[in-house]
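As stored in final_26.pdb (PDB, C-alpha atoms):
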```
MODEL        1
ATOM      1  CA  MET A   1     133.668  78.946  88.821
ATOM      2  CA  SER A   2     133.994  75.985  91.206
ATOM      3  CA  PHE A   3     133.987  78.378  94.170
ATOM      4  CA  THR A   4     130.756  79.932  92.900
ATOM      5  CA  PHE A   5     129.187  76.515  92.387
ATOM      6  CA  PHE A   6     130.282  75.425  95.866
ATOM      7  CA  SER A   7     128.997  78.647  97.385
ATOM      8  CA  LEU A   8     125.642  78.257  95.609
ATOM      9  CA  ARG A   9     125.360  74.693  96.867
ATOM     10  CA  MET A  10     125.987  75.958 100.388
ATOM     11  CA  HIS A  11     123.188  78.526 100.012
ATOM     12  CA  ILE A  12     120.847  75.790  98.812
ATOM     13  CA  VAL A  13     121.827  73.594 101.759
ATOM     14  CA  TRP A  14     121.327  76.583 104.083
ATOM     15  CA  ALA A  15     117.851  77.228 102.666
ATOM     16  CA  LEU A  16     116.886  73.580 103.063
ATOM     17  CA  LEU A  17     118.229  73.545 106.621
ATOM     18  CA  LEU A  18     116.189  76.612 107.505
ATOM     19  CA  LEU A  19     113.064  75.050 106.025
ATOM     20  CA  THR A  20     113.702  71.849 107.985
ATOM     21  CA  LEU A  21     114.155  73.749 111.243
ATOM     22  CA  GLU A  22     110.964  75.715 110.607
ATOM     23  CA  SER A  23     108.938  72.545 110.139
ATOM     24  CA  ALA A  24     110.411  70.797 113.206
ATOM     25  CA  PRO A  25     107.869  70.089 115.945
ATOM     26  CA  GLY A  26     107.931  72.666 118.708
ATOM     27  CA  CYS A  27     109.947  75.162 116.699
ATOM     28  CA  SER A  28     107.927  78.162 115.614
ATOM     29  CA  CYS A  29     110.821  80.146 114.139
ATOM     30  CA  LEU A  30     114.443  81.050 114.448
ATOM     31  CA  PRO A  31     115.443  84.352 116.018
ATOM     32  CA  THR A  32     115.112  87.329 113.722
ATOM     33  CA  ASN A  33     117.711  89.639 115.250
ATOM     34  CA  GLY A  34     119.500  92.220 113.123
ATOM     35  CA  ASN A  35     122.415  89.980 112.120
ATOM     36  CA  SER A  36     120.122  87.108 111.214
ATOM     37  CA  ILE A  37     117.921  89.357 109.066
ATOM     38  CA  ARG A  38     120.931  90.904 107.328
ATOM     39  CA  ASN A  39     122.479  87.465 106.680
ATOM     40  CA  THR A  40     119.236  86.140 105.223
ATOM     41  CA  VAL A  41     118.779  89.194 103.006
ATOM     42  CA  ASP A  42     122.413  88.877 101.878
ATOM     43  CA  SER A  43     121.782  85.204 101.023
ATOM     44  CA  LEU A  44     118.666  86.119  99.036
ATOM     45  CA  ILE A  45     120.563  88.783  97.112
ATOM     46  CA  TYR A  46     123.438  86.396  96.420
ATOM     47  CA  ILE A  47     121.136  83.671  95.092
ATOM     48  CA  ALA A  48     119.335  86.221  92.888
ATOM     49  CA  GLN A  49     122.664  87.493  91.507
ATOM     50  CA  THR A  50     123.907  83.958  90.878
ATOM     51  CA  THR A  51     120.674  83.086  89.095
ATOM     52  CA  LEU A  52     121.087  86.131  86.861
ATOM     53  CA  VAL A  53     124.575  84.942  85.914
ATOM     54  CA  HIS A  54     123.165  81.508  85.034
ATOM     55  CA  ILE A  55     120.392  83.100  82.948
ATOM     56  CA  LYS A  56     122.831  85.304  81.045
ATOM     57  CA  GLU A  57     125.140  82.343  80.370
ATOM     58  CA  LEU A  58     122.251  80.232  79.099
ATOM     59  CA  ARG A  59     120.811  83.016  76.941
ATOM     60  CA  THR A  60     124.138  83.345  75.099
ATOM     61  CA  ASN A  61     123.751  79.708  73.997
ATOM     62  CA  LEU A  62     120.142  80.038  72.848
ATOM     63  CA  PRO A  63     119.011  81.249  69.446
ATOM     64  CA  VAL A  64     118.631  85.011  69.408
ATOM     65  CA  ALA A  65     115.005  85.887  70.003
ATOM     66  CA  THR A  66     113.323  88.908  68.604
ATOM     67  CA  HIS A  67     112.732  91.698  71.062
ATOM     68  CA  ILE A  68     110.582  90.341  73.852
ATOM     69  CA  GLU A  69     108.820  92.802  76.066
ATOM     70  CA  VAL A  70     107.788  91.569  79.481
ATOM     71  CA  ARG A  71     106.050  93.276  82.356
ATOM     72  CA  THR A  72     107.287  92.670  85.841
ATOM     73  CA  PRO A  73     104.823  92.658  88.703
ATOM     74  CA  SER A  74     105.398  95.236  91.399
ATOM     75  CA  ILE A  75     107.585  94.168  94.263
ATOM     76  CA  ASP A  76     105.836  95.192  97.457
ATOM     77  CA  GLY A  77     107.447  92.927 100.037
ATOM     78  CA  LEU A  78     108.119  89.327 101.021
ATOM     79  CA  THR A  79     104.504  88.228 100.458
ATOM     80  CA  SER A  80     104.417  89.352  96.825
ATOM     81  CA  ILE A  81     107.985  88.175  96.177
ATOM     82  CA  SER A  82     107.113  84.704  97.480
ATOM     83  CA  ARG A  83     104.017  84.572  95.266
ATOM     84  CA  ASP A  84     105.860  85.781  92.162
ATOM     85  CA  LEU A  85     108.802  83.418  92.631
ATOM     86  CA  GLY A  86     106.324  80.559  93.158
ATOM     87  CA  LEU A  87     104.668  81.366  89.837
ATOM     88  CA  LEU A  88     108.028  81.608  88.081
ATOM     89  CA  THR A  89     109.068  78.265  89.607
ATOM     90  CA  VAL A  90     105.928  76.648  88.208
ATOM     91  CA  GLU A  91     106.536  78.227  84.819
ATOM     92  CA  LEU A  92     110.118  76.933  84.733
ATOM     93  CA  GLN A  93     109.049  73.440  85.811
ATOM     94  CA  ASP A  94     106.346  73.476  83.162
ATOM     95  CA  LEU A  95     108.975  73.871  80.431
ATOM     96  CA  PHE A  96     110.697  70.678  81.636
ATOM     97  CA  THR A  97     114.027  70.814  79.860
ATOM     98  CA  GLU A  98     117.469  69.808  81.090
ATOM     99  CA  LEU A  99     118.688  73.140  79.746
ATOM    100  CA  LEU A 100     116.918  74.961  82.586
ATOM    101  CA  SER A 101     117.680  72.572  85.442
ATOM    102  CA  GLN A 102     120.221  74.835  87.192
ATOM    103  CA  ILE A 103     117.985  77.886  86.886
ATOM    104  CA  GLN A 104     115.009  75.862  88.131
ATOM    105  CA  ALA A 105     117.051  74.830  91.175
ATOM    106  CA  ASP A 106     118.178  78.435  91.756
ATOM    107  CA  VAL A 107     114.663  79.873  91.609
ATOM    108  CA  SER A 108     113.207  77.073  93.704
ATOM    109  CA  SER A 109     115.864  77.672  96.389
ATOM    110  CA  LEU A 110     115.283  81.414  96.268
ATOM    111  CA  GLU A 111     111.523  80.942  96.573
ATOM    112  CA  GLY A 112     111.945  78.527  99.495
ATOM    113  CA  LEU A 113     114.228  80.898 101.382
ATOM    114  CA  VAL A 114     111.935  83.886 100.728
ATOM    115  CA  ARG A 115     108.937  81.830 101.917
ATOM    116  CA  TYR A 116     110.770  80.760 105.070
ATOM    117  CA  PHE A 117     111.996  84.292 105.793
ATOM    118  CA  ALA A 118     108.508  85.721 105.262
ATOM    119  CA  GLN A 119     107.071  83.202 107.717
ATOM    120  CA  THR A 120     109.684  84.047 110.364
ATOM    121  CA  MET A 121     108.871  87.736 109.898
ATOM    122  CA  GLY A 122     105.158  86.983 110.410
ATOM    123  CA  CYS A 123     104.166  87.862 106.846
ATOM    124  CA  PRO A 124     101.034  86.306 105.324
ATOM    125  CA  ILE A 125     102.000  83.668 102.766
ATOM    126  CA  GLN A 126      99.762  82.071 100.165
ATOM    127  CA  ALA A 127      99.855  78.384  99.334
ATOM    128  CA  ARG A 128     102.429  77.462  96.719
ATOM    129  CA  PRO A 129     101.034  77.661  93.192
ATOM    130  CA  ARG A 130     100.477  74.374  91.430
ATOM    131  CA  GLY A 131     101.600  73.770  87.869
ATOM    132  CA  THR A 132      99.547  72.500  85.009
ATOM    133  CA  ALA A 133     100.962  70.713  81.995
ATOM    134  CA  THR A 134     100.910  73.037  79.029
ATOM    135  CA  ASN A 135     101.659  72.146  75.440
ATOM    136  CA  HIS A 136     104.027  74.793  74.115
ATOM    137  CA  LEU A 137     103.855  75.098  70.346
ATOM    138  CA  PHE A 138     107.118  77.031  70.207
ATOM    139  CA  PRO A 139     109.257  75.756  73.095
ATOM    140  CA  ASP A 140     112.356  77.805  72.190
ATOM    141  CA  SER A 141     110.297  80.991  72.198
ATOM    142  CA  GLN A 142     108.662  80.020  75.480
ATOM    143  CA  ILE A 143     112.064  79.356  77.063
ATOM    144  CA  SER A 144     113.379  82.721  75.851
ATOM    145  CA  MET A 145     110.282  84.522  77.115
ATOM    146  CA  THR A 146     110.407  82.817  80.518
ATOM    147  CA  LEU A 147     114.117  83.564  80.908
ATOM    148  CA  MET A 148     113.561  87.200  79.966
ATOM    149  CA  LYS A 149     110.672  87.449  82.424
ATOM    150  CA  LEU A 150     112.776  85.911  85.194
ATOM    151  CA  GLN A 151     115.764  88.118  84.392
ATOM    152  CA  CYS A 152     113.641  91.282  84.468
ATOM    153  CA  TYR A 153     112.020  90.212  87.727
ATOM    154  CA  LEU A 154     115.347  89.478  89.436
ATOM    155  CA  ASP A 155     116.865  92.731  88.140
ATOM    156  CA  THR A 156     113.883  94.603  89.590
ATOM    157  CA  LEU A 157     114.151  92.663  92.848
ATOM    158  CA  LEU A 158     117.805  93.652  93.203
ATOM    159  CA  LEU A 159     116.912  97.295  92.546
ATOM    160  CA  HIS A 160     114.296  97.098  95.315
ATOM    161  CA  LYS A 161     116.172  94.857  97.743
ATOM    162  CA  ASP A 162     114.889  96.984 100.608
ATOM    163  CA  LYS A 163     111.541  95.225 100.036
ATOM    164  CA  LEU A 164     113.167  92.007 101.290
ATOM    165  CA  LYS A 165     112.822  93.381 104.820
ATOM    166  CA  VAL A 166     109.065  94.110 104.776
ATOM    167  CA  CYS A 167     105.936  92.034 104.367
TER     168      CYS A 167
ENDMDL
END
```

Kindly transcribe the structure held in the file into C-alpha cells.
Amino acid sequence: MSFTFFSLRMHIVWALLLLTLESAPGCSCLPTNGNSIRNTVDSLIYIAQTTLVHIKELRTNLPVATHIEVRTPSIDGLTSISRDLGLLTVELQDLFTELLSQIQADVSSLEGLVRYFAQTMGCPIQARPRGTATNHLFPDSQISMTLMKLQCYLDTLLLHKDKLKVC
C-alpha cells in the first residue's frame, strides 16, 4: 500500500511539474514524441485505476445505497474528457467532506494532466468549470451518487483509453 501511495504521489508531482513547465514563459509545450505520448497515456491510465481503487475502498465503508443508475457522457477525446473531469472535480469539491479528500486529489490531478496533455496535442480546451455551493438535503445519498458516477465514468474511460490519444 505504501508503494502505491508513493507512486500516486509521484504521479501528482509529475502532473504538477508538467503544468508548471507549460505555464513557464517562453515554453509553448514539451515534445510530444511517441515515448512521451505513451508515458503520459500510461500515467493517465494509472491515475484512473488508482482512483477506482480508492472509490471502491471508500464505498465499502459507506452505507449501502439502493441501486443508483447513472449515465456516463460519451468519451470522444481529450477535449471531452477534460470537460467531464472538470465537472466531476467541481461536484466532488461541492460535497466538501474529508471522506472524499483523496478521491478529490486523484480526480483533480487526473483532470490537470488531461488538460495539459490536450494542450500539448493542440486540442481545444474549455475554461475550467466553476463550482457553486449547493445545499444537499441528503449528503450520504449525494456522496454515493457522485462516487457511482465517477466510478462509471472512469470504468468507461479505461474501456476507451484509445480516446486519450485524440482530441

Expand the PyMOL selection byres ((chain A and resi 117) around 12) into the individual residues it matches in the shown file, reporting them as a VMD selection string.
-> chain A and resid 15 18 to 19 22 29 to 32 36 to 41 43 to 44 77 to 79 81 to 82 110 to 116 118 to 125 164 to 167

For CA of Leu157 in chain A and CA of Asp106 in chain A, determine how far apart the two atoms are, in Å to one decimal place.
-> 14.8 Å

Just give me the gap between CA of Ala105 in chain A and CA of Met148 in chain A in Å, one decimal is fine.
-> 17.1 Å

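Checking A:Leu100, A:Gln151, A:Ser108, A:Thr146 one by one against Leu58 in chain A, counting only C-alpha atoms, you find the shortest gap at A:Leu100.
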
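Take CA of Arg130 in chain A and CA of Thr51 in chain A: the distance between them is 22.1 Å.
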
Which neighbours of Pro73 in chain A fall inside 9 Å, counting only C-alpha atoms, when residues of the same chain fewer than 5 positions from it are skipped, and could you give them as a ChimeraX atom specification?
-> /A:80,84,153
